[in-house]
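The next block is target24.txt, given as compact mmCIF, C-alpha atoms and all ligand atoms.
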```txt
# COMPACT_ATOMS: atom_id res chain seq x y z
CA MET P 1115 39.54 5.51 -11.81
CA PRO P 1116 39.38 7.64 -8.58
CA THR P 1117 37.51 6.19 -5.61
CA THR P 1118 36.12 7.77 -2.45
CA LYS P 1119 35.85 6.18 0.98
CA PHE P 1120 32.45 5.97 2.62
CA SER P 1121 30.56 4.01 5.25
CA LEU P 1122 26.93 3.59 6.26
CA ASP P 1123 27.46 5.53 9.49
CA PRO P 1124 24.69 8.16 9.80
CA SER P 1125 26.71 10.21 12.29
CA ASP P 1126 28.41 11.87 9.25
CA ILE P 1127 26.16 13.41 6.60
CA ASN P 1128 29.07 13.29 4.13
CA ASN P 1129 28.59 9.52 3.90
CA PHE P 1130 25.32 10.21 2.09
CA THR P 1131 26.00 13.18 -0.16
CA TYR P 1132 26.44 10.79 -3.10
CA ASP P 1133 22.97 9.33 -2.47
CA MET P 1134 21.45 12.77 -1.96
CA SER P 1135 22.99 14.06 -5.17
CA ARG P 1136 21.73 11.13 -7.25
CA CYS P 1137 18.02 11.47 -6.45
CA ILE P 1138 16.25 11.83 -9.80
CA LYS P 1139 12.90 12.92 -8.33
CA CYS P 1140 11.11 9.90 -9.78
CA LYS P 1141 8.86 9.79 -6.69
CA GLY P 1142 9.25 6.06 -6.19
CA CYS P 1143 9.58 7.09 -2.55
CA TYR P 1144 6.07 8.56 -2.63
CA TRP P 1145 3.99 6.18 -4.77
CA VAL P 1146 3.59 2.47 -4.14
CA GLU P 1147 4.24 0.61 -7.41
CA HIS P 1148 1.06 0.56 -9.47
CA THR P 1149 1.40 -3.20 -9.98
CA TYR P 1150 0.45 -3.66 -6.31
CA GLN P 1151 -2.42 -1.19 -6.30
CA PRO P 1152 -6.04 -1.57 -7.26
CA GLY P 1153 -6.40 2.20 -7.59
CA ALA P 1154 -4.94 5.58 -6.71
CA ARG P 1155 -6.75 6.20 -3.41
CA PHE P 1156 -4.36 4.17 -1.28
CA ALA P 1157 -1.24 4.36 -3.41
CA THR P 1158 0.89 6.82 -1.44
CA ARG P 1159 3.58 5.75 1.00
CA CYS P 1160 4.86 8.97 2.61
CA PRO P 1161 3.01 10.26 5.71
CA SER P 1162 4.98 13.53 5.76
CA ASN P 1163 4.11 14.36 2.20
CA VAL P 1164 0.46 13.38 2.68
CA TRP P 1165 0.35 15.78 5.65
CA ASN P 1166 2.02 18.58 3.67
CA ASP P 1167 1.92 18.50 -0.14
CA PHE P 1168 5.02 20.62 -0.70
CA ASP P 1169 7.86 18.63 -2.26
CA ALA P 1170 10.17 19.62 0.60
CA TYR P 1171 8.28 17.21 2.88
CA GLY P 1172 8.83 14.20 0.61
CA ALA P 1173 12.05 12.20 0.68
CA PHE P 1174 13.00 13.65 -2.71
CA GLY P 1175 12.78 17.17 -1.22
CA LYS P 1176 14.71 16.27 1.90
CA MET P 1177 17.47 14.66 -0.19
CA ARG P 1178 18.00 17.98 -1.99
CA ILE P 1179 17.82 19.94 1.25
CA GLY P 1180 20.32 17.57 2.84
CA LEU P 1181 22.79 18.04 0.02
CA ALA P 1182 22.49 21.82 0.24
CA LEU P 1183 23.04 21.68 4.02
CA ALA P 1184 26.05 19.38 3.66
CA GLU P 1185 27.56 21.70 1.06
CA GLY P 1186 26.94 24.78 3.21
CA ARG P 1187 24.44 26.32 0.77
CA LEU P 1188 21.57 26.43 3.27
CA GLU P 1189 21.17 27.76 6.82
CA TRP P 1190 18.95 26.26 9.50
CA THR P 1191 15.63 28.06 9.97
CA PRO P 1192 12.53 27.13 12.02
CA LYS P 1193 10.78 26.03 8.79
CA LEU P 1194 13.74 23.87 7.80
CA LEU P 1195 13.72 22.19 11.21
CA GLU P 1196 10.00 21.48 10.79
CA ILE P 1197 10.63 19.87 7.40
CA ILE P 1198 13.38 17.65 8.81
CA TYR P 1199 11.53 16.64 12.00
CA ALA P 1200 7.93 16.38 10.75
CA ASP P 1201 8.70 12.88 9.62
CA PRO P 1202 8.23 9.52 11.38
CA LEU P 1203 11.30 8.09 9.59
CA CYS P 1204 9.08 5.21 8.59
CA GLY P 1205 11.39 3.79 5.93
CA ALA P 1206 8.75 3.55 3.21
CA CYS P 1207 10.76 5.87 0.94
CA ASP P 1208 13.87 3.75 1.43
CA VAL P 1209 12.06 0.60 0.32
CA GLY P 1210 10.54 2.45 -2.65
CA CYS P 1211 13.80 4.00 -3.79
CA LYS P 1212 15.71 0.72 -3.53
CA ARG P 1213 13.36 -0.92 -6.00
CA ASN P 1214 14.75 1.59 -8.45
CA LEU P 1215 18.01 3.37 -7.62
CA ASP P 1216 19.39 1.78 -4.42
CA LEU P 1217 19.87 5.11 -2.66
CA GLU P 1218 20.22 5.02 1.14
CA VAL P 1219 17.30 7.33 1.82
CA GLU P 1220 16.52 6.34 5.43
CA LEU P 1221 20.14 6.74 6.53
CA SER P 1222 20.34 10.07 4.67
CA LEU P 1223 17.32 11.34 6.62
CA GLU P 1224 18.86 10.12 9.89
CA SER P 1225 22.15 11.85 9.09
CA LEU P 1226 20.28 15.13 8.53
CA ARG P 1227 18.98 15.02 12.10
CA VAL P 1228 22.41 14.21 13.46
CA LYS P 1229 23.72 17.26 11.62
CA ALA P 1230 20.86 19.38 13.01
CA VAL P 1231 21.90 18.40 16.54
CA LYS P 1232 25.63 18.84 15.86
CA ASP P 1233 24.94 22.32 14.42
CA GLY P 1234 23.00 23.26 17.56
CA ALA P 1235 19.74 23.70 15.63
CA GLY P 1236 17.90 20.49 16.53
CA PRO P 1237 16.09 18.67 17.92
CA MET P 1238 12.65 20.24 18.49
CA PRO P 1239 11.99 21.75 21.97
CA VAL P 1240 9.69 18.88 22.99
CA HIS P 1241 12.42 16.39 22.13
CA LYS P 1242 14.82 18.24 24.43
CA LYS P 1243 12.27 17.91 27.23
CA ILE P 1244 11.99 14.16 26.56
CA ALA P 1245 15.78 13.86 26.60
CA GLN P 1246 15.78 15.60 29.97
CA ASN P 1247 13.12 13.20 31.26
CA ILE P 1248 15.22 10.25 30.15
CA ALA P 1249 18.36 11.66 31.77
CA THR P 1250 16.67 12.34 35.11
CA LYS P 1251 13.86 9.71 35.36
CA HIS P 1252 14.99 7.08 32.83
CA ASN P 1253 11.68 7.28 30.96
CA VAL P 1254 10.28 9.50 28.23
CA TYR P 1255 7.33 10.72 30.31
CA GLY P 1256 9.18 12.08 33.32
CA ALA P 1257 7.21 9.70 35.56
CA PRO P 1258 8.79 8.42 38.80
CA HIS P 1259 11.24 5.63 38.03
CA GLY P 1260 9.96 3.77 41.09
CA ASN P 1261 6.58 3.28 39.38
CA ARG P 1262 8.04 1.50 36.39
CA LYS P 1263 7.06 -1.99 37.49
CA GLN P 1264 3.58 -1.14 38.77
CA TRP P 1265 2.06 -3.03 35.82
CA ALA P 1266 3.48 -6.30 37.23
CA THR P 1267 0.57 -7.42 39.37
CA GLY P 1268 0.78 -10.32 41.82
CA ASP P 1269 -1.09 -12.77 39.57
CA LEU P 1270 1.78 -12.76 37.06
CA LYS P 1271 4.57 -15.30 37.40
CA ILE P 1272 7.88 -13.49 36.94
CA GLU P 1273 11.19 -15.21 37.71
CA GLU P 1274 14.34 -13.75 39.27
CA LYS P 1275 16.44 -15.57 36.67
CA ALA P 1276 15.48 -16.95 33.26
CA ASP P 1277 16.83 -17.33 29.75
CA LEU P 1278 14.20 -14.92 28.45
CA LEU P 1279 14.22 -11.28 29.53
CA TYR P 1280 11.12 -9.18 28.79
CA PHE P 1281 12.11 -5.56 28.11
CA VAL P 1282 8.82 -3.74 28.63
CA GLY P 1283 9.71 -0.22 27.48
CA CYS P 1284 8.46 3.14 28.77
CA THR P 1285 5.05 3.19 27.07
CA ALA P 1286 3.82 -0.24 28.19
CA SER P 1287 5.34 0.30 31.66
CA TYR P 1288 3.58 3.59 32.39
CA GLY P 1289 0.73 4.09 29.90
CA ASN P 1290 -0.30 0.88 28.16
CA LYS P 1291 -0.03 -1.48 31.12
CA GLU P 1292 -2.56 -3.76 29.40
CA ILE P 1293 0.09 -4.61 26.78
CA ALA P 1294 2.72 -5.48 29.40
CA GLN P 1295 0.18 -7.54 31.35
CA SER P 1296 -1.15 -9.35 28.25
CA THR P 1297 2.40 -10.17 27.16
CA ALA P 1298 3.27 -11.55 30.60
CA LYS P 1299 0.06 -13.62 30.63
CA ILE P 1300 0.87 -15.08 27.21
CA LEU P 1301 4.35 -16.02 28.45
CA ASN P 1302 2.79 -17.62 31.54
CA ALA P 1303 0.16 -19.45 29.46
CA THR P 1304 2.85 -20.96 27.23
CA GLY P 1305 4.85 -22.09 30.27
CA THR P 1306 7.78 -19.82 29.39
CA PRO P 1307 9.80 -18.62 32.40
CA PHE P 1308 10.85 -14.98 32.01
CA MET P 1309 12.55 -12.24 34.00
CA LEU P 1310 12.58 -8.46 33.82
CA MET P 1311 15.61 -6.22 33.70
CA PRO P 1312 16.77 -5.57 37.28
CA GLU P 1313 16.63 -1.81 36.63
CA GLU P 1314 14.91 -1.14 33.33
CA TRP P 1315 15.63 2.25 31.71
CA CYS P 1316 14.33 3.76 28.46
CA CYS P 1317 15.52 2.10 25.23
CA GLY P 1318 16.53 5.50 23.82
CA ASN P 1319 14.29 5.45 20.73
CA THR P 1320 13.50 9.17 20.82
CA LEU P 1321 17.14 10.09 21.33
CA GLN P 1322 18.35 8.01 18.40
CA SER P 1323 15.45 9.09 16.20
CA VAL P 1324 15.98 12.84 16.68
CA GLY P 1325 19.73 12.66 16.11
CA MET P 1326 21.03 12.71 19.72
CA LEU P 1327 23.39 9.83 19.06
CA ASP P 1328 25.80 10.35 21.98
CA GLU P 1329 22.95 10.07 24.50
CA ALA P 1330 21.40 7.11 22.63
CA ARG P 1331 24.78 5.35 22.50
CA ALA P 1332 25.26 5.70 26.25
CA LEU P 1333 21.87 4.05 26.84
CA ALA P 1334 22.67 1.30 24.33
CA LYS P 1335 25.90 0.46 26.17
CA ARG P 1336 24.21 0.52 29.56
CA ASN P 1337 21.24 -1.61 28.50
CA ILE P 1338 23.34 -4.19 26.67
CA GLU P 1339 25.70 -4.53 29.65
CA MET P 1340 22.77 -5.03 31.98
CA VAL P 1341 21.29 -7.79 29.82
CA LYS P 1342 24.69 -9.49 29.68
CA SER P 1343 24.99 -9.29 33.46
CA THR P 1344 21.73 -11.23 33.82
CA GLY P 1345 22.90 -14.04 31.54
CA ALA P 1346 19.72 -13.82 29.46
CA LYS P 1347 19.89 -15.50 26.07
CA ARG P 1348 16.92 -13.71 24.54
CA VAL P 1349 15.43 -10.23 24.93
CA LEU P 1350 11.71 -10.08 24.16
CA LEU P 1351 9.86 -6.89 23.26
CA SER P 1352 6.20 -6.08 22.82
CA CYS P 1353 7.00 -2.60 21.47
CA ALA P 1354 7.99 -2.27 17.82
CA GLU P 1355 10.18 0.78 18.39
CA GLY P 1356 12.03 -0.96 21.22
CA TYR P 1357 12.57 -3.99 18.99
CA ARG P 1358 14.14 -1.80 16.29
CA MET P 1359 16.37 -0.16 18.91
CA TRP P 1360 17.69 -3.40 20.32
CA LYS P 1361 18.01 -5.26 17.03
CA VAL P 1362 19.15 -2.55 14.62
CA GLU P 1363 20.02 0.75 16.29
CA TYR P 1364 22.12 -0.53 19.20
CA PRO P 1365 24.42 -2.40 16.79
CA LYS P 1366 24.44 0.64 14.48
CA LEU P 1367 25.31 2.98 17.36
CA LEU P 1368 28.09 0.67 18.56
CA ASN P 1369 29.41 -0.21 15.10
CA ILE P 1370 28.82 -3.92 15.54
CA ALA P 1371 26.58 -6.43 13.75
CA THR P 1372 23.23 -7.58 15.13
CA ALA P 1373 24.70 -11.08 15.20
CA ASP P 1374 27.43 -9.86 17.60
CA LEU P 1375 25.09 -8.59 20.32
CA GLY P 1376 25.64 -11.74 22.36
CA PHE P 1377 21.94 -12.47 22.75
CA GLU P 1378 18.91 -12.77 20.50
CA VAL P 1379 16.28 -10.05 20.12
CA VAL P 1380 12.71 -11.22 19.49
CA HIS P 1381 9.35 -9.49 19.28
CA LEU P 1382 6.19 -11.00 20.74
CA VAL P 1383 4.88 -11.74 17.23
CA GLU P 1384 7.92 -13.98 16.63
CA PHE P 1385 7.67 -15.62 20.03
CA ALA P 1386 3.95 -16.29 19.55
CA ASP P 1387 4.51 -17.82 16.11
CA GLU P 1388 7.24 -20.10 17.50
CA ALA P 1389 5.01 -21.11 20.41
CA LEU P 1390 2.17 -21.85 18.00
CA GLN P 1391 4.41 -24.13 15.92
CA LYS P 1392 5.66 -25.90 19.09
CA GLY P 1393 2.12 -26.32 20.38
CA SER P 1394 2.57 -24.31 23.59
CA LEU P 1395 0.35 -21.47 22.33
CA ARG P 1396 -3.15 -22.79 21.83
CA PRO P 1397 -5.62 -20.10 20.76
CA ALA P 1398 -8.90 -21.94 21.34
CA LYS P 1399 -11.49 -19.29 22.13
CA PRO P 1400 -13.19 -17.99 18.97
CA VAL P 1401 -12.91 -14.31 18.11
CA ASN P 1402 -15.75 -13.82 15.65
CA LYS P 1403 -14.56 -10.61 14.04
CA ARG P 1404 -13.33 -9.33 10.71
CA VAL P 1405 -9.73 -8.41 11.59
CA THR P 1406 -6.94 -6.65 9.76
CA TYR P 1407 -3.28 -6.23 10.70
CA HIS P 1408 -1.10 -3.10 10.48
CA ASP P 1409 2.62 -3.73 9.92
CA SER P 1410 4.36 -1.39 12.37
CA CYS P 1411 7.39 0.08 10.55
CA SER P 1412 9.87 -0.85 13.27
CA ILE P 1413 9.16 -4.60 13.15
CA SER P 1414 8.75 -4.69 9.40
CA ARG P 1415 10.71 -2.69 6.82
CA LEU P 1416 13.03 -1.11 9.42
CA ALA P 1417 13.89 -4.45 11.03
CA ASP P 1418 16.48 -5.95 8.69
CA PRO P 1419 19.51 -6.84 10.83
CA TRP P 1420 22.41 -4.36 10.90
CA THR P 1421 25.89 -5.08 9.58
CA PRO P 1422 28.50 -2.28 9.62
CA TYR P 1423 29.86 -1.37 6.21
CA SER P 1424 32.77 0.72 5.06
CA GLY P 1425 34.31 0.64 1.63
CA GLU P 1426 35.00 2.65 -1.47
CA ARG P 1427 32.82 4.13 -4.16
CA GLY P 1428 34.07 4.10 -7.71
CA TRP P 1429 32.91 4.59 -11.27
CA MET P 1430 29.14 5.10 -11.71
CA GLY P 1431 28.61 4.73 -7.97
CA THR P 1432 29.84 1.14 -7.84
CA VAL P 1433 30.92 0.09 -4.37
CA ASN P 1434 33.65 -2.22 -3.19
CA PRO P 1435 33.45 -4.52 -1.27
CA ARG P 1436 30.00 -5.63 -2.31
CA LEU P 1437 27.25 -4.07 -0.22
CA LYS P 1438 24.23 -6.12 0.74
CA ARG P 1439 21.53 -3.46 0.99
CA ARG P 1440 18.86 -3.47 3.67
CA ARG P 1441 15.60 -3.55 1.72
CA GLY P 1442 13.05 -4.18 4.44
CA THR P 1443 12.47 -7.74 3.25
CA GLN P 1444 13.53 -9.40 6.52
CA GLY P 1445 10.82 -7.90 8.68
CA LEU P 1446 8.28 -9.82 10.76
CA TYR P 1447 5.60 -10.21 8.11
CA ALA P 1448 4.59 -13.87 8.20
CA GLN P 1449 4.70 -14.41 11.97
CA PRO P 1450 1.81 -12.17 13.12
CA ARG P 1451 -0.35 -13.35 10.20
CA ASN P 1452 0.29 -17.02 11.06
CA VAL P 1453 -0.83 -16.44 14.63
CA ILE P 1454 -3.87 -14.30 13.83
CA ASN P 1455 -5.03 -16.83 11.23
CA ALA P 1456 -4.75 -19.61 13.84
CA ILE P 1457 -7.38 -17.97 16.05
CA PRO P 1458 -10.72 -19.65 15.48
CA GLY P 1459 -13.54 -17.46 14.18
CA ILE P 1460 -11.35 -14.70 12.79
CA ASP P 1461 -12.11 -13.46 9.30
CA PHE P 1462 -8.68 -12.04 8.43
CA VAL P 1463 -8.53 -9.47 5.70
CA GLU P 1464 -5.46 -7.67 4.37
CA MET P 1465 -5.27 -3.96 3.80
CA ILE P 1466 -4.41 -2.63 0.37
CA ARG P 1467 -0.92 -1.50 1.46
CA THR P 1468 0.75 -4.28 3.44
CA ARG P 1469 4.17 -5.46 4.55
CA GLU P 1470 6.98 -3.27 3.07
CA ASN P 1471 4.33 -1.05 1.50
CA ALA P 1472 2.26 -0.49 4.66
CA PHE P 1473 1.35 3.14 5.36
CA CYS P 1474 2.91 4.26 8.68
CA CYS P 1475 0.56 5.25 11.55
CA GLY P 1476 2.59 8.47 11.82
CA ALA P 1477 3.29 8.42 15.55
CA GLY P 1478 6.79 7.08 15.92
CA ARG P 1479 10.29 8.42 16.29
CA GLY P 1480 9.44 11.69 17.99
CA THR P 1481 6.68 12.71 15.56
CA LYS P 1482 3.56 12.53 17.71
CA GLU P 1483 5.14 14.65 20.42
CA ALA P 1484 6.40 17.37 18.07
CA PHE P 1485 3.83 17.22 15.26
CA PRO P 1486 0.57 15.74 16.59
CA THR P 1487 -1.42 16.86 13.56
CA LEU P 1488 0.86 14.83 11.29
CA ALA P 1489 0.39 11.78 13.52
CA SER P 1490 -3.40 12.10 13.48
CA SER P 1491 -3.57 12.81 9.72
CA SER P 1492 -1.55 9.67 9.06
CA ALA P 1493 -3.66 7.50 11.36
CA LYS P 1494 -6.92 8.82 9.89
CA HIS P 1495 -5.67 8.11 6.36
CA ARG P 1496 -4.79 4.54 7.38
CA LEU P 1497 -8.17 4.11 9.07
CA GLU P 1498 -9.88 4.99 5.78
CA GLU P 1499 -8.12 1.95 4.35
CA VAL P 1500 -9.34 -0.18 7.27
CA LYS P 1501 -12.92 0.95 6.61
CA GLU P 1502 -12.51 0.38 2.86
CA ILE P 1503 -11.91 -3.35 3.44
CA GLY P 1504 -14.69 -3.60 6.01
CA ALA P 1505 -12.54 -4.65 8.97
CA GLU P 1506 -14.06 -4.35 12.46
CA VAL P 1507 -10.79 -4.71 14.35
CA LEU P 1508 -7.42 -3.14 13.58
CA VAL P 1509 -4.52 -4.99 15.19
CA SER P 1510 -0.95 -3.72 15.49
CA ALA P 1511 2.03 -4.82 17.55
CA CYS P 1512 3.26 -1.56 19.09
CA PRO P 1513 1.81 0.66 21.83
CA TRP P 1514 2.58 3.76 19.75
CA CYS P 1515 0.50 2.48 16.83
CA LYS P 1516 -2.31 1.41 19.14
CA ASN P 1517 -2.55 4.77 20.89
CA ASN P 1518 -2.33 6.79 17.71
CA PHE P 1519 -4.97 4.71 15.92
CA ALA P 1520 -7.23 4.63 18.96
CA SER P 1521 -7.32 8.42 19.27
CA ALA P 1522 -7.86 8.84 15.51
CA ALA P 1523 -10.61 6.17 15.49
CA ALA P 1524 -12.75 7.92 18.09
CA GLY P 1525 -16.32 7.89 16.74
CA ASP P 1526 -15.52 5.23 14.11
CA ASN P 1527 -16.78 1.66 14.20
CA VAL P 1528 -13.25 0.30 14.24
CA LYS P 1529 -11.89 -1.34 17.40
CA VAL P 1530 -8.14 -0.91 17.86
CA MET P 1531 -6.24 -3.69 19.65
CA ASP P 1532 -2.68 -4.64 20.34
CA PHE P 1533 -1.50 -8.05 19.08
CA SER P 1534 -0.94 -9.16 22.69
CA GLU P 1535 -4.54 -8.35 23.62
CA LEU P 1536 -5.94 -10.25 20.64
CA ILE P 1537 -3.89 -13.35 21.48
CA LEU P 1538 -4.91 -13.17 25.12
CA ALA P 1539 -8.60 -12.88 24.12
CA SER P 1540 -8.23 -16.19 22.25
CA LEU P 1541 -6.63 -17.88 25.28
CA ASP P 1542 -9.20 -16.91 27.90
CA ALA P 1543 -11.41 -19.96 27.60
S1 LIG P 1601 12.64 7.15 -5.17
FE1 LIG P 1601 14.78 7.73 -4.72
S2 LIG P 1601 15.50 8.64 -6.64
FE2 LIG P 1601 13.28 8.61 -6.78
S3 LIG P 1601 12.61 10.61 -5.98
FE3 LIG P 1601 12.60 9.22 -4.24
S4 LIG P 1601 14.61 9.43 -3.25
FE4 LIG P 1601 14.74 10.32 -5.33
S1 LIG P 1602 10.60 8.10 6.17
FE1 LIG P 1602 8.38 7.90 5.74
S2 LIG P 1602 7.52 9.90 6.24
FE2 LIG P 1602 9.77 10.19 6.08
S3 LIG P 1602 10.10 10.84 3.95
FE3 LIG P 1602 10.31 8.62 4.00
S4 LIG P 1602 8.25 7.82 3.49
FE4 LIG P 1602 8.03 9.99 4.05
```
For this file, produce the structure as structure tokens.
Ligand code: SF4
Ligand code: SF4
Amino acid sequence: MPTTKFSLDPSDINNFTYDMSRCIKCKGCYWVEHTYQPGARFATRCPSNVWNDFDAYGAFGKMRIGLALAEGRLEWTPKLLEIIYADPLCGACDVGCKRNLDLEVELSLESLRVKAVKDGAGPMPVHKKIAQNIATKHNVYGAPHGNRKQWATGDLKIEEKADLLYFVGCTASYGNKEIAQSTAKILNATGTPFMLMPEEWCCGNTLQSVGMLDEARALAKRNIEMVKSTGAKRVLLSCAEGYRMWKVEYPKLLNIATADLGFEVVHLVEFADEALQKGSLRPAKPVNKRVTYHDSCSISRLADPWTPYSGERGWMGTVNPRLKRRRGTQGLYAQPRNVINAIPGIDFVEMIRTRENAFCCGAGRGTKEAFPTLASSSAKHRLEEVKEIGAEVLVSACPWCKNNFASAAAGDNVKVMDFSELILASLDA
């Protein structure tokens, strides 16, 4: 029986033409399984296809488009670029498809963007501006690099050397300083010494997400080397997108396994859960609110560790050696819920779509900058779910989610908070 070689490397769209050609348009990438749903109102999983009803915007449409592009049957047009980039690459379709057909949908969508860049068609103009900001100022906003540590006020205890390195990221460094400060205060309150990167630069999330892999790879190498030079054993993030970059995308870009990074990558929700179990995090002050939690894609279904794979595909799509698929089951689901439930006074209530099935806020991976109406439509749809369950506070663990929900919630009776702020509120006795 003839076999073909393939790998899971998204830098070559030809690795995914098999997957793209086998999509049966069952729409498991659009609907959450009915067994989980109490009704049809909150049963969709695809923000792109909720924003635009045409099939092209769903994963099933993009799989067909990808195949036609790979086979040279389609030319790039402005509309085609919109279809490919109006998409937060949230991974919900990947999880849905793998309950059925095991197609690599997320990697297929990534490979489409890499092809767009290679062909000179992508990314979108605003992404090029962000890439320029990163190249010249080392942050996505084009803000002065010298202002990066302005969030670190004198009341915070930050060491020159420590086993734990807090990688703050562009958004919490420049915009959401409250998240950086709350995270540092939590570390201080638990008696955990931590340092910052000597010269922190952008994690490269936008670059990797829009298909600019060479630029993202250069940042990955630089950032990893700098962590190694500090001797840190753990890198802590309070940003979901940064967590995905360090844990999954850096290894993917460098063709190594997450386990081979040489240090551990943890998000604040994991750290807080560990500290709670050890007794160093003691949330004592009641927060008398009805609270719900939004699973940010990049610490949930997109966070399974990365292991490089190359092998052969044979009869009926069988692969050899055996491929352990990433199904979004190893995300940080229990940790934030353990911590939130430990805060006295909180009435915790789950949304209808949770964990792997959570509906993306719509902001991430270059979407809010290029397609702000998609980002706000997604956030408003999610906020309807928050209101449906009667929650007063919506908590997430990423500055991108917080900002997107906060702007969409203007005029609503829903308070939007970051996980770090909620924990800090329970510590301030
Ligand atoms: S779930 Fe998979 S096979 Fe079904 S339509 Fe979506 S991408 Fe195609
Ligand atoms: S990654 Fe998310 S937004 Fe993009 S096609 Fe899949 S489900 Fe839709």
Please return as a PyMOL selection string the residues found within 10 Å of ligand LIG 1601 (chain P), counting only C-alpha atoms and all ligand atoms. chain P and resi 1133-1145+1172-1178+1206-1220+1222
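With distances restricted to all atoms listed in the file, P:Leu1416 is the closest residue to ligand LIG 1602 (chain P) from P:Leu1416, P:Leu1390, P:Val1380, P:Ala1235.
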Which residues, written as a ChimeraX atom specification, have at least one atom at most 6 Å from stretch 1364-1374 of chain P, with all atoms listed in the file counted and residues fewer than 3 positions away on the same chain left out? /P:1331,1334,1359-1360,1419-1422
At most 10 Å from (-4.5, 4.9, 17.8), file frame, only C-alpha atoms: which residues, as a list in words?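 Nearby residues: Cys1475, Gly1476, Ala1477, Ala1489, Ser1490, Ala1493, Lys1494, Leu1497, Leu1508, Ser1510, Pro1513, Trp1514, Cys1515, Lys1516, Asn1517, Asn1518, Phe1519, Ala1520, Ser1521, Ala1522, Ala1523, Ala1524, Lys1529, Val1530 and Met1531 of chain P.
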Go through P:Leu1122, P:Val1405, P:Cys1411, P:Ala1417 and flag the residue nearest ligand LIG 1602 (chain P), using all atoms listed in the file for the distances.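 When distances to ligand LIG 1602 (chain P) are compared using all atoms listed in the file, the smallest one comes from P:Cys1411.
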Stretch 1311-1326 of chain P environment, 7 Å, only C-alpha atoms, sequence neighbours closer than 5 positions dropped, as a list of chain:residue names: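 Here the qualifying residues turn out to be P:Glu1224, P:Arg1227, P:Val1228, P:Val1231, P:Pro1237, P:Ala1245, P:Ile1248, P:His1252, P:Asn1253, P:Leu1279, P:Phe1281, P:Gly1283, P:Cys1284, P:Leu1333, P:Glu1355, P:Gly1356, P:Met1359, P:Arg1479, P:Gly1480.
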Expected file contents, prior selection, C-alpha atoms, as a CSV table (one decimal), in the coordinates of the input:
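Resulting contents of out07.csv:
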```csv
chain,number,residue,atom,x,y,z
P,1224,GLU,CA,18.9,10.1,9.9
P,1227,ARG,CA,19.0,15.0,12.1
P,1228,VAL,CA,22.4,14.2,13.5
P,1231,VAL,CA,21.9,18.4,16.5
P,1237,PRO,CA,16.1,18.7,17.9
P,1245,ALA,CA,15.8,13.9,26.6
P,1248,ILE,CA,15.2,10.2,30.2
P,1252,HIS,CA,15.0,7.1,32.8
P,1253,ASN,CA,11.7,7.3,31.0
P,1279,LEU,CA,14.2,-11.3,29.5
P,1281,PHE,CA,12.1,-5.6,28.1
P,1283,GLY,CA,9.7,-0.2,27.5
P,1284,CYS,CA,8.5,3.1,28.8
P,1333,LEU,CA,21.9,4.0,26.8
P,1355,GLU,CA,10.2,0.8,18.4
P,1356,GLY,CA,12.0,-1.0,21.2
P,1359,MET,CA,16.4,-0.2,18.9
P,1479,ARG,CA,10.3,8.4,16.3
P,1480,GLY,CA,9.4,11.7,18.0
```
With distances taken over all atoms listed in the file, which of P:Phe1377, P:Phe1120, P:Tyr1357, P:Phe1485 is nearest to P:Pro1202?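 Checking each of P:Phe1377, P:Phe1120, P:Tyr1357, P:Phe1485 against P:Pro1202, counting all atoms listed in the file, the winner is P:Phe1485.
Separating atom CA of P:Arg1404 from atom CA of P:Gly1459 is a distance of 8.8 Å.
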What is the atom CA of P:Ile1293-atom CA of P:Phe1533 distance in Å, reported with one decimal?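 Here the two named atoms are 8.6 Å from each other.
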Choose the residue, out of P:Asn1166, P:Ala1472, P:Leu1203, P:Glu1292, that has the smallest atom-to-atom separation from ligand LIG 1602 (chain P); count all atoms listed in the file. P:Leu1203
Output stretch 1182-1189 of chain P with N, CA and C atoms present, as a PDB file, in the frame of the given file.
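Just written: selection_0.pdb:
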```pdb
ATOM      1  N   ALA P1182      22.196  20.387   0.110  1.00  0.00           N
ATOM      2  CA  ALA P1182      22.490  21.820   0.240  1.00  0.00           C
ATOM      3  C   ALA P1182      23.048  22.131   1.633  1.00  0.00           C
ATOM      4  N   LEU P1183      22.525  21.480   2.657  1.00  0.00           N
ATOM      5  CA  LEU P1183      23.040  21.680   4.020  1.00  0.00           C
ATOM      6  C   LEU P1183      24.477  21.162   4.129  1.00  0.00           C
ATOM      7  N   ALA P1184      24.705  19.976   3.581  1.00  0.00           N
ATOM      8  CA  ALA P1184      26.050  19.380   3.660  1.00  0.00           C
ATOM      9  C   ALA P1184      27.066  20.245   2.934  1.00  0.00           C
ATOM     10  N   GLU P1185      26.630  20.873   1.848  1.00  0.00           N
ATOM     11  CA  GLU P1185      27.560  21.700   1.060  1.00  0.00           C
ATOM     12  C   GLU P1185      27.603  23.142   1.531  1.00  0.00           C
ATOM     13  N   GLY P1186      26.894  23.440   2.628  1.00  0.00           N
ATOM     14  CA  GLY P1186      26.940  24.780   3.210  1.00  0.00           C
ATOM     15  C   GLY P1186      26.182  25.822   2.407  1.00  0.00           C
ATOM     16  N   ARG P1187      25.203  25.378   1.590  1.00  0.00           N
ATOM     17  CA  ARG P1187      24.440  26.320   0.770  1.00  0.00           C
ATOM     18  C   ARG P1187      23.134  26.724   1.422  1.00  0.00           C
ATOM     19  N   LEU P1188      22.863  26.188   2.609  1.00  0.00           N
ATOM     20  CA  LEU P1188      21.570  26.430   3.270  1.00  0.00           C
ATOM     21  C   LEU P1188      21.800  26.598   4.759  1.00  0.00           C
ATOM     22  N   GLU P1189      21.075  27.536   5.375  1.00  0.00           N
ATOM     23  CA  GLU P1189      21.170  27.760   6.820  1.00  0.00           C
ATOM     24  C   GLU P1189      19.943  27.148   7.498  1.00  0.00           C
TER      25      GLU P1189
END
```
